[in-house]
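As provided, structure-v1.cif (mmCIF, C-alpha atoms and all ligand atoms) reads as follows.
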data_final
#
loop_
_atom_site.label_atom_id
_atom_site.label_comp_id
_atom_site.auth_asym_id
_atom_site.auth_seq_id
_atom_site.Cartn_x
_atom_site.Cartn_y
_atom_site.Cartn_z
CA MET A 21 -12.08 -12.35 7.87
CA PHE A 22 -13.06 -8.70 7.40
CA CYS A 23 -13.75 -6.18 4.68
CA LEU A 24 -13.72 -2.42 5.11
CA THR A 25 -16.15 -0.59 2.85
CA VAL A 26 -14.62 2.51 1.26
CA ASN A 27 -17.68 3.21 -0.92
CA ASP A 28 -20.24 1.35 -3.06
CA ASN A 29 -17.54 0.29 -5.55
CA LEU A 30 -14.52 -0.24 -3.36
CA GLU A 31 -13.74 -2.61 -0.49
CA LEU A 32 -10.51 -3.37 1.36
CA CYS A 33 -10.57 -7.02 2.43
CA LEU A 34 -8.01 -8.67 4.66
CA LEU A 35 -5.66 -10.61 2.42
CA GLU A 36 -6.40 -14.33 2.78
CA ASP A 37 -5.39 -17.65 1.18
CA LYS A 38 -8.34 -17.45 -1.20
CA HIS A 39 -6.79 -14.33 -2.82
CA ALA A 40 -3.39 -15.91 -3.57
CA GLN A 41 -4.21 -17.22 -7.06
CA GLN A 42 -5.81 -13.94 -8.22
CA LEU A 43 -3.00 -11.99 -6.62
CA PHE A 44 -0.33 -13.92 -8.49
CA GLU A 45 -2.20 -13.60 -11.80
CA LEU A 46 -2.53 -9.85 -11.31
CA VAL A 47 1.18 -9.44 -10.51
CA ASP A 48 2.09 -11.63 -13.48
CA LYS A 49 -0.10 -9.60 -15.84
CA ASN A 50 1.30 -6.30 -14.49
CA ARG A 51 4.95 -7.31 -14.22
CA ASP A 52 6.40 -4.47 -16.32
CA HIS A 53 4.18 -1.87 -14.67
CA LEU A 54 5.00 -2.98 -11.11
CA ARG A 55 8.68 -3.95 -11.32
CA ARG A 56 9.66 -0.40 -12.14
CA TRP A 57 8.95 0.66 -8.54
CA LEU A 58 8.51 -2.48 -6.43
CA PRO A 59 11.53 -4.62 -5.48
CA TRP A 60 9.70 -7.94 -4.95
CA VAL A 61 8.14 -8.33 -8.41
CA ASP A 62 10.99 -10.15 -10.17
CA SER A 63 11.24 -12.71 -7.37
CA THR A 64 7.48 -13.40 -7.51
CA THR A 65 7.58 -16.09 -10.17
CA SER A 66 4.98 -18.64 -9.03
CA ILE A 67 1.79 -18.85 -7.01
CA LYS A 68 3.87 -20.29 -4.16
CA HIS A 69 5.47 -16.86 -3.71
CA SER A 70 2.04 -15.21 -3.48
CA GLN A 71 0.87 -17.88 -1.04
CA ALA A 72 3.94 -17.26 1.12
CA PHE A 73 3.26 -13.53 1.03
CA VAL A 74 -0.38 -14.07 2.09
CA GLU A 75 0.81 -16.32 4.91
CA SER A 76 3.26 -13.68 6.19
CA ALA A 77 0.53 -11.03 5.89
CA LEU A 78 -1.83 -13.16 8.01
CA GLN A 79 0.94 -13.66 10.53
CA GLN A 80 1.37 -9.89 10.68
CA TYR A 81 -2.36 -9.49 11.31
CA THR A 82 -2.58 -12.16 14.01
CA SER A 83 0.46 -10.61 15.73
CA ASN A 84 -1.37 -7.28 15.87
CA GLU A 85 1.30 -5.61 13.76
CA GLY A 86 -1.02 -4.23 11.07
CA PHE A 87 -2.61 -5.83 8.01
CA GLN A 88 -2.58 -6.11 4.21
CA THR A 89 -5.76 -5.76 2.20
CA ALA A 90 -6.88 -6.83 -1.25
CA ILE A 91 -8.49 -3.90 -3.05
CA LEU A 92 -11.78 -5.16 -4.46
CA HIS A 93 -13.40 -3.00 -7.14
CA HIS A 94 -16.87 -4.33 -7.91
CA ASN A 95 -15.63 -7.55 -6.24
CA ASN A 96 -12.57 -7.85 -8.54
CA LEU A 97 -9.10 -7.82 -7.01
CA ILE A 98 -7.30 -4.87 -8.61
CA GLY A 99 -4.41 -4.17 -6.22
CA MET A 100 -3.25 -4.07 -2.66
CA VAL A 101 -2.86 -1.58 0.12
CA GLY A 102 -1.77 -2.16 3.68
CA TYR A 103 0.21 -1.16 6.70
CA HIS A 104 3.84 -2.06 7.21
CA THR A 105 4.65 -3.32 10.71
CA ILE A 106 3.03 -0.93 13.20
CA ASP A 107 5.40 0.67 15.68
CA TRP A 108 3.09 0.61 18.72
CA THR A 109 5.73 2.12 21.00
CA ASN A 110 5.81 5.31 18.97
CA ARG A 111 2.33 4.82 17.47
CA ASN A 112 3.42 5.20 13.86
CA VAL A 113 3.01 3.24 10.66
CA GLU A 114 3.85 3.30 6.97
CA ILE A 115 1.35 2.59 4.19
CA GLY A 116 2.31 0.67 1.03
CA TYR A 117 0.27 0.14 -2.15
CA TRP A 118 0.04 -0.87 -5.79
CA ILE A 119 -2.73 -1.08 -8.34
CA ALA A 120 -3.08 -2.83 -11.72
CA ALA A 121 -2.16 -0.59 -14.66
CA ASP A 122 -5.70 -0.68 -16.12
CA PHE A 123 -7.16 0.77 -12.93
CA GLN A 124 -4.85 3.75 -12.61
CA GLY A 125 -6.07 7.26 -13.17
CA ARG A 126 -9.46 6.95 -11.43
CA GLY A 127 -8.53 8.06 -7.94
CA LEU A 128 -9.10 4.57 -6.50
CA MET A 129 -5.77 4.37 -4.67
CA THR A 130 -6.18 7.85 -3.24
CA GLN A 131 -9.58 6.79 -1.87
CA ALA A 132 -8.14 3.55 -0.45
CA CYS A 133 -5.22 5.39 1.17
CA ARG A 134 -7.46 8.11 2.57
CA PHE A 135 -9.52 5.35 4.20
CA LEU A 136 -6.49 3.62 5.74
CA VAL A 137 -4.97 6.91 6.92
CA ASN A 138 -8.24 7.75 8.62
CA TYR A 139 -8.48 4.22 10.06
CA ALA A 140 -4.93 4.54 11.44
CA PHE A 141 -5.81 7.72 13.31
CA THR A 142 -9.40 7.08 14.37
CA THR A 143 -9.57 3.30 14.94
CA LEU A 144 -5.96 2.35 15.70
CA LYS A 145 -5.30 5.66 17.48
CA LEU A 146 -1.87 6.04 15.87
CA ASN A 147 -0.03 9.36 15.88
CA ARG A 148 1.90 9.35 12.62
CA VAL A 149 1.42 7.85 9.15
CA VAL A 150 4.25 7.74 6.62
CA ILE A 151 4.27 7.17 2.88
CA ARG A 152 7.65 6.67 1.19
CA CYS A 153 8.23 6.43 -2.53
CA ALA A 154 11.21 6.38 -4.86
CA VAL A 155 12.35 9.68 -6.28
CA GLY A 156 10.77 9.86 -9.73
CA ASN A 157 7.67 7.82 -8.85
CA SER A 158 5.43 10.82 -9.43
CA LYS A 159 2.16 8.85 -9.53
CA SER A 160 2.88 7.44 -6.10
CA ALA A 161 4.07 10.76 -4.65
CA ALA A 162 0.88 12.43 -5.90
CA ILE A 163 -1.11 10.36 -3.40
CA PRO A 164 0.36 11.71 -0.13
CA LYS A 165 0.45 15.17 -1.70
CA ARG A 166 -3.26 14.91 -2.58
CA LEU A 167 -4.01 13.79 0.98
CA GLY A 168 -2.21 16.78 2.49
CA PHE A 169 0.88 14.98 3.78
CA THR A 170 4.03 16.96 4.55
CA TRP A 171 7.25 16.38 2.58
CA GLU A 172 9.92 15.49 5.14
CA GLY A 173 12.99 14.80 3.07
CA ILE A 174 14.92 12.21 1.15
CA LEU A 175 16.54 8.99 2.34
CA ARG A 176 19.56 8.61 0.10
CA GLN A 177 20.05 5.24 -1.62
CA GLN A 178 17.56 3.68 0.82
CA GLN A 179 16.24 0.93 -1.46
CA GLN A 180 17.69 -1.55 -3.94
CA LEU A 181 15.55 -1.61 -7.05
CA ASN A 182 16.42 -3.60 -10.17
CA GLY A 183 20.11 -3.67 -9.40
CA ARG A 184 20.60 -0.06 -8.35
CA TYR A 185 20.08 2.02 -5.22
CA VAL A 186 17.25 4.55 -5.31
CA ASP A 187 16.50 7.50 -3.04
CA LEU A 188 13.16 7.48 -1.21
CA VAL A 189 11.04 10.57 -0.51
CA VAL A 190 9.32 10.59 2.88
CA TYR A 191 5.87 12.13 3.39
CA SER A 192 4.06 12.15 6.74
CA MET A 193 0.75 13.03 8.33
CA LEU A 194 0.25 13.54 12.07
CA ALA A 195 -2.94 12.77 13.97
CA GLN A 196 -3.39 16.40 15.04
CA GLU A 197 -3.11 17.56 11.41
CA TRP A 198 -5.54 14.91 10.10
CA MET A 199 -8.21 15.74 12.67
CA GLN A 200 -8.16 19.47 11.83
C1 LIG A 301 1.29 4.44 -7.44
C2 LIG A 301 -0.06 4.07 -8.04
C3 LIG A 301 -0.86 3.24 -7.03
C4 LIG A 301 -0.82 5.34 -8.39
O1 LIG A 301 -2.00 5.00 -9.06
P1 LIG A 301 -2.99 6.16 -9.58
O2 LIG A 301 -4.08 5.54 -10.33
O3 LIG A 301 -2.18 7.25 -10.25
O4 LIG A 301 -3.53 6.77 -8.21
P2 LIG A 301 -5.04 7.08 -7.88
O5 LIG A 301 -5.81 5.83 -7.95
O6 LIG A 301 -5.06 7.82 -6.63
O7 LIG A 301 -5.51 7.97 -9.10
C5 LIG A 301 -5.00 9.28 -9.31
C6 LIG A 301 -5.29 9.64 -10.75
O8 LIG A 301 -6.70 9.56 -10.96
C7 LIG A 301 -7.21 10.87 -11.25
N1 LIG A 301 -8.49 10.96 -10.54
C8 LIG A 301 -9.69 10.80 -11.13
N2 LIG A 301 -10.66 10.90 -10.21
C9 LIG A 301 -10.04 11.14 -9.03
C10 LIG A 301 -10.51 11.34 -7.71
N3 LIG A 301 -11.81 11.32 -7.43
N4 LIG A 301 -9.62 11.54 -6.72
C11 LIG A 301 -8.30 11.55 -6.98
N5 LIG A 301 -7.79 11.37 -8.22
C12 LIG A 301 -8.66 11.18 -9.24
C13 LIG A 301 -6.15 11.84 -10.80
O9 LIG A 301 -6.19 13.03 -11.52
C14 LIG A 301 -4.90 11.04 -11.11
O10 LIG A 301 -4.69 11.02 -12.49
P3 LIG A 301 -3.31 11.56 -13.15
O11 LIG A 301 -2.21 10.61 -12.70
O12 LIG A 301 -3.58 11.46 -14.60
O13 LIG A 301 -3.13 12.94 -12.60
C15 LIG A 301 0.14 3.23 -9.34
O14 LIG A 301 0.75 4.03 -10.32
C16 LIG A 301 0.98 1.98 -9.14
O15 LIG A 301 0.50 0.98 -8.63
N6 LIG A 301 2.25 2.05 -9.54
C17 LIG A 301 3.15 0.90 -9.49
C18 LIG A 301 3.46 0.48 -8.07
C19 LIG A 301 3.92 1.61 -7.20
O16 LIG A 301 4.60 2.52 -7.63
N7 LIG A 301 3.53 1.54 -5.91
C20 LIG A 301 3.89 2.57 -4.94
C21 LIG A 301 5.25 2.34 -4.43
S1 LIG A 301 5.71 3.63 -3.29
#
Write the structure described by the file as structure tokens, please.
Amino acid sequence: MFCLTVNDNLELCLLEDKHAQQLFELVDKNRDHLRRWLPWVDSTTSIKHSQAFVESALQQYTSNEGFQTAILHHNNLIGMVGYHTIDWTNRNVEIGYWIAADFQGRGLMTQACRFLVNYAFTTLKLNRVVIRCAVGNSKSAAIPKRLGFTWEGILRQQQQLNGRYVDLVVYSMLAQEWMQ
């Protein structure tokens, strides 16, 4: 449906049915890497689960509540980044992301997030972008820090992860700060 070009090597393409197979294979190959921080990995056990996720993502897009994108690096799907449901009343949104283990450490997710933060403020005209990550997920927290987000605080035992409650750190960026 659409692809956003981050640079010559990186595109963010609206998640569609055609990505479901690749998406499942990538999750399956990266199970240990992803399950440490993402609650849905253990329950993603067949392509049907990835197809259902794609379907719900398309529903989100058609309802104008934000969108999920496949991260294509030289046309290969290497991860995902997208907006959680946009709060249009208050013009704010949260960004979520993951990348295959082999593609970490190259700054690709920082570039993808920078693009979607900018898109949120300039194209969607939102006022606030949030990134939340579990306490201890230092690779994830490094992304909002690198992008100049402000640390807001900690939501205690906000998420169930692998049978325990984890605290989430909240980082935010405001439109007026981003534009400066
Ligand atoms: C969180 C996650 C996406 C971070 O991936 P990442 O590769 O560390 O992030 P980036 O792509 O932004 O790369 C940053 C790394 O590339 C390096 N880098 C190289 N070139 C860079 C550039 N031009 N710009 C920024 N960083 C660059 C940085 O130094 C950093 O390396 P370091 O971790 O050794 O310091 C990844 O670890 C992941 O998917 N984890 C599992 C799922 C998860 O936790 N999701 C988030 C839930 S909140």
For this session: Return as a PyMOL selection string every polymer residue, whether protein, DNA or RNA, with at least one atom no more than 8 Å from an atom of ligand LIG 301 (chain A); count all atoms listed in the file.
Result: chain A and resi 53-58+99+116-121+123-131+151-154+157-163+166
Problem set entry | Counting all atoms listed in the file, the residue of A:Met199, A:Ala140, A:Leu181, A:Leu43 that sits nearest A:Ile106 | A:Ala140
For this session: Just the residues within 10 Å of A:Asn95, please, counting only C-alpha atoms, with nothing from its chain fewer than 3 positions along; format it as a count of residues only.
Result: 6
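For the set A:Phe44, A:Trp171, A:Phe87, A:Tyr81, the residue with the smallest atom-to-atom gap to A:Ile67 is A:Phe44, counting all atoms listed in the file.
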Would you pick out the contacts of A:Leu78 at 8 Å or less, using all atoms listed in the file, so that residues sharing its chain but fewer than 2 positions from it are not included, and give the list as a compact mmCIF listing (two decimals) with C-alpha atoms, in the coordinates of the input?
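Dumped to selection.txt:
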# COMPACT_ATOMS: atom_id res chain seq x y z
CA LEU A 35 -5.66 -10.61 2.42
CA GLU A 36 -6.40 -14.33 2.78
CA VAL A 74 -0.38 -14.07 2.09
CA GLU A 75 0.81 -16.32 4.91
CA SER A 76 3.26 -13.68 6.19
CA GLN A 80 1.37 -9.89 10.68
CA TYR A 81 -2.36 -9.49 11.31
CA THR A 82 -2.58 -12.16 14.01
CA PHE A 87 -2.61 -5.83 8.01
Seminar exercise, completed: A straight line from atom CA of A:Gln71 to atom CA of A:Ala40 spans 5.3 Å
For this session: Find the residue from A:Asn110, A:Thr170, A:Gln88, A:Gln79 that sits nearest to A:Lys145; use only C-alpha atoms when measuring.
Result: A:Asn110
Around all the atoms of stretch 139-155 of chain A listed in the file, with 6 Å of room on each side, what axis-aligned box do you get, giving centre and edge lengths in Å to one decimal, as AutoDock Vina command-line options?
--center_x 1.4 --center_y 6.0 --center_z 5.6 --size_x 33.9 --size_y 19.3 --size_z 35.8
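In this structure, atom CA of A:Gly168 sits 14.7 Å away from atom CA of A:Ile115.
With only C-alpha atoms as the atoms that count, the minimum distance from A:Glu85 to the choices A:Asp107, A:Arg134, A:Arg148, A:Thr64 is reached by A:Asp107.
Each of A:Ser70, A:Leu146, A:Gln42, A:Val61 was compared to A:Asn96 using all atoms listed in the file, and A:Gln42 turns out to be the nearest.
Restricting the calculation to all atoms listed in the file, the smallest distance between A:Pro164 and any of A:Gln179, A:Val190, A:Tyr139, A:Ser83 is found for A:Val190.
Between atom CA of A:Leu188 and atom CA of A:Val155 there is a distance of 5.6 Å.
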Would you fill out stretch 40-60 of chain A with N, CA, C and O atoms and return it as a CSV table (one decimal), keeping the file's coordinate frame?
chain,number,residue,atom,x,y,z
A,40,ALA,N,-4.8,-15.7,-3.1
A,40,ALA,CA,-3.4,-15.9,-3.6
A,40,ALA,C,-3.3,-16.1,-5.1
A,40,ALA,O,-2.5,-15.5,-5.8
A,41,GLN,N,-4.2,-16.9,-5.6
A,41,GLN,CA,-4.2,-17.2,-7.1
A,41,GLN,C,-4.4,-15.9,-7.9
A,41,GLN,O,-3.7,-15.6,-8.8
A,42,GLN,N,-5.5,-15.2,-7.5
A,42,GLN,CA,-5.8,-13.9,-8.2
A,42,GLN,C,-4.7,-12.9,-8.1
A,42,GLN,O,-4.3,-12.2,-9.0
A,43,LEU,N,-4.1,-12.9,-6.9
A,43,LEU,CA,-3.0,-12.0,-6.6
A,43,LEU,C,-1.8,-12.3,-7.5
A,43,LEU,O,-1.3,-11.4,-8.2
A,44,PHE,N,-1.5,-13.6,-7.6
A,44,PHE,CA,-0.3,-13.9,-8.5
A,44,PHE,C,-0.6,-13.6,-10.0
A,44,PHE,O,0.2,-13.0,-10.7
A,45,GLU,N,-1.8,-13.9,-10.4
A,45,GLU,CA,-2.2,-13.6,-11.8
A,45,GLU,C,-2.1,-12.1,-12.1
A,45,GLU,O,-1.7,-11.7,-13.2
A,46,LEU,N,-2.5,-11.3,-11.1
A,46,LEU,CA,-2.5,-9.8,-11.3
A,46,LEU,C,-1.1,-9.3,-11.4
A,46,LEU,O,-0.8,-8.5,-12.2
A,47,VAL,N,-0.2,-9.8,-10.5
A,47,VAL,CA,1.2,-9.4,-10.5
A,47,VAL,C,1.8,-9.9,-11.8
A,47,VAL,O,2.5,-9.1,-12.5
A,48,ASP,N,1.5,-11.1,-12.2
A,48,ASP,CA,2.1,-11.6,-13.5
A,48,ASP,C,1.7,-10.8,-14.7
A,48,ASP,O,2.5,-10.5,-15.6
A,49,LYS,N,0.4,-10.4,-14.7
A,49,LYS,CA,-0.1,-9.6,-15.8
A,49,LYS,C,0.5,-8.2,-15.8
A,49,LYS,O,0.6,-7.5,-16.9
A,50,ASN,N,0.9,-7.7,-14.6
A,50,ASN,CA,1.3,-6.3,-14.5
A,50,ASN,C,2.8,-6.2,-14.2
A,50,ASN,O,3.2,-5.2,-13.7
A,51,ARG,N,3.5,-7.2,-14.6
A,51,ARG,CA,5.0,-7.3,-14.2
A,51,ARG,C,5.7,-6.0,-14.6
A,51,ARG,O,6.4,-5.4,-13.8
A,52,ASP,N,5.6,-5.6,-15.9
A,52,ASP,CA,6.4,-4.5,-16.3
A,52,ASP,C,6.0,-3.2,-15.6
A,52,ASP,O,6.9,-2.4,-15.2
A,53,HIS,N,4.7,-3.0,-15.4
A,53,HIS,CA,4.2,-1.9,-14.7
A,53,HIS,C,4.7,-1.8,-13.2
A,53,HIS,O,5.1,-0.8,-12.7
A,54,LEU,N,4.7,-3.0,-12.6
A,54,LEU,CA,5.0,-3.0,-11.1
A,54,LEU,C,6.5,-3.0,-10.8
A,54,LEU,O,7.0,-2.4,-9.9
A,55,ARG,N,7.3,-3.7,-11.7
A,55,ARG,CA,8.7,-4.0,-11.3
A,55,ARG,C,9.5,-2.6,-11.4
A,55,ARG,O,10.5,-2.5,-10.8
A,56,ARG,N,9.0,-1.7,-12.0
A,56,ARG,CA,9.7,-0.4,-12.1
A,56,ARG,C,9.9,0.2,-10.8
A,56,ARG,O,10.8,0.9,-10.5
A,57,TRP,N,8.9,0.0,-9.9
A,57,TRP,CA,9.0,0.7,-8.5
A,57,TRP,C,8.9,-0.3,-7.3
A,57,TRP,O,9.1,0.2,-6.2
A,58,LEU,N,8.6,-1.6,-7.6
A,58,LEU,CA,8.5,-2.5,-6.4
A,58,LEU,C,9.6,-3.6,-6.5
A,58,LEU,O,9.7,-4.3,-7.5
A,59,PRO,N,10.4,-3.7,-5.4
A,59,PRO,CA,11.5,-4.6,-5.5
A,59,PRO,C,11.2,-6.1,-5.5
A,59,PRO,O,12.1,-6.9,-5.9
A,60,TRP,N,10.0,-6.5,-5.1
A,60,TRP,CA,9.7,-7.9,-5.0
A,60,TRP,C,9.1,-8.6,-6.2
A,60,TRP,O,8.9,-9.8,-6.2
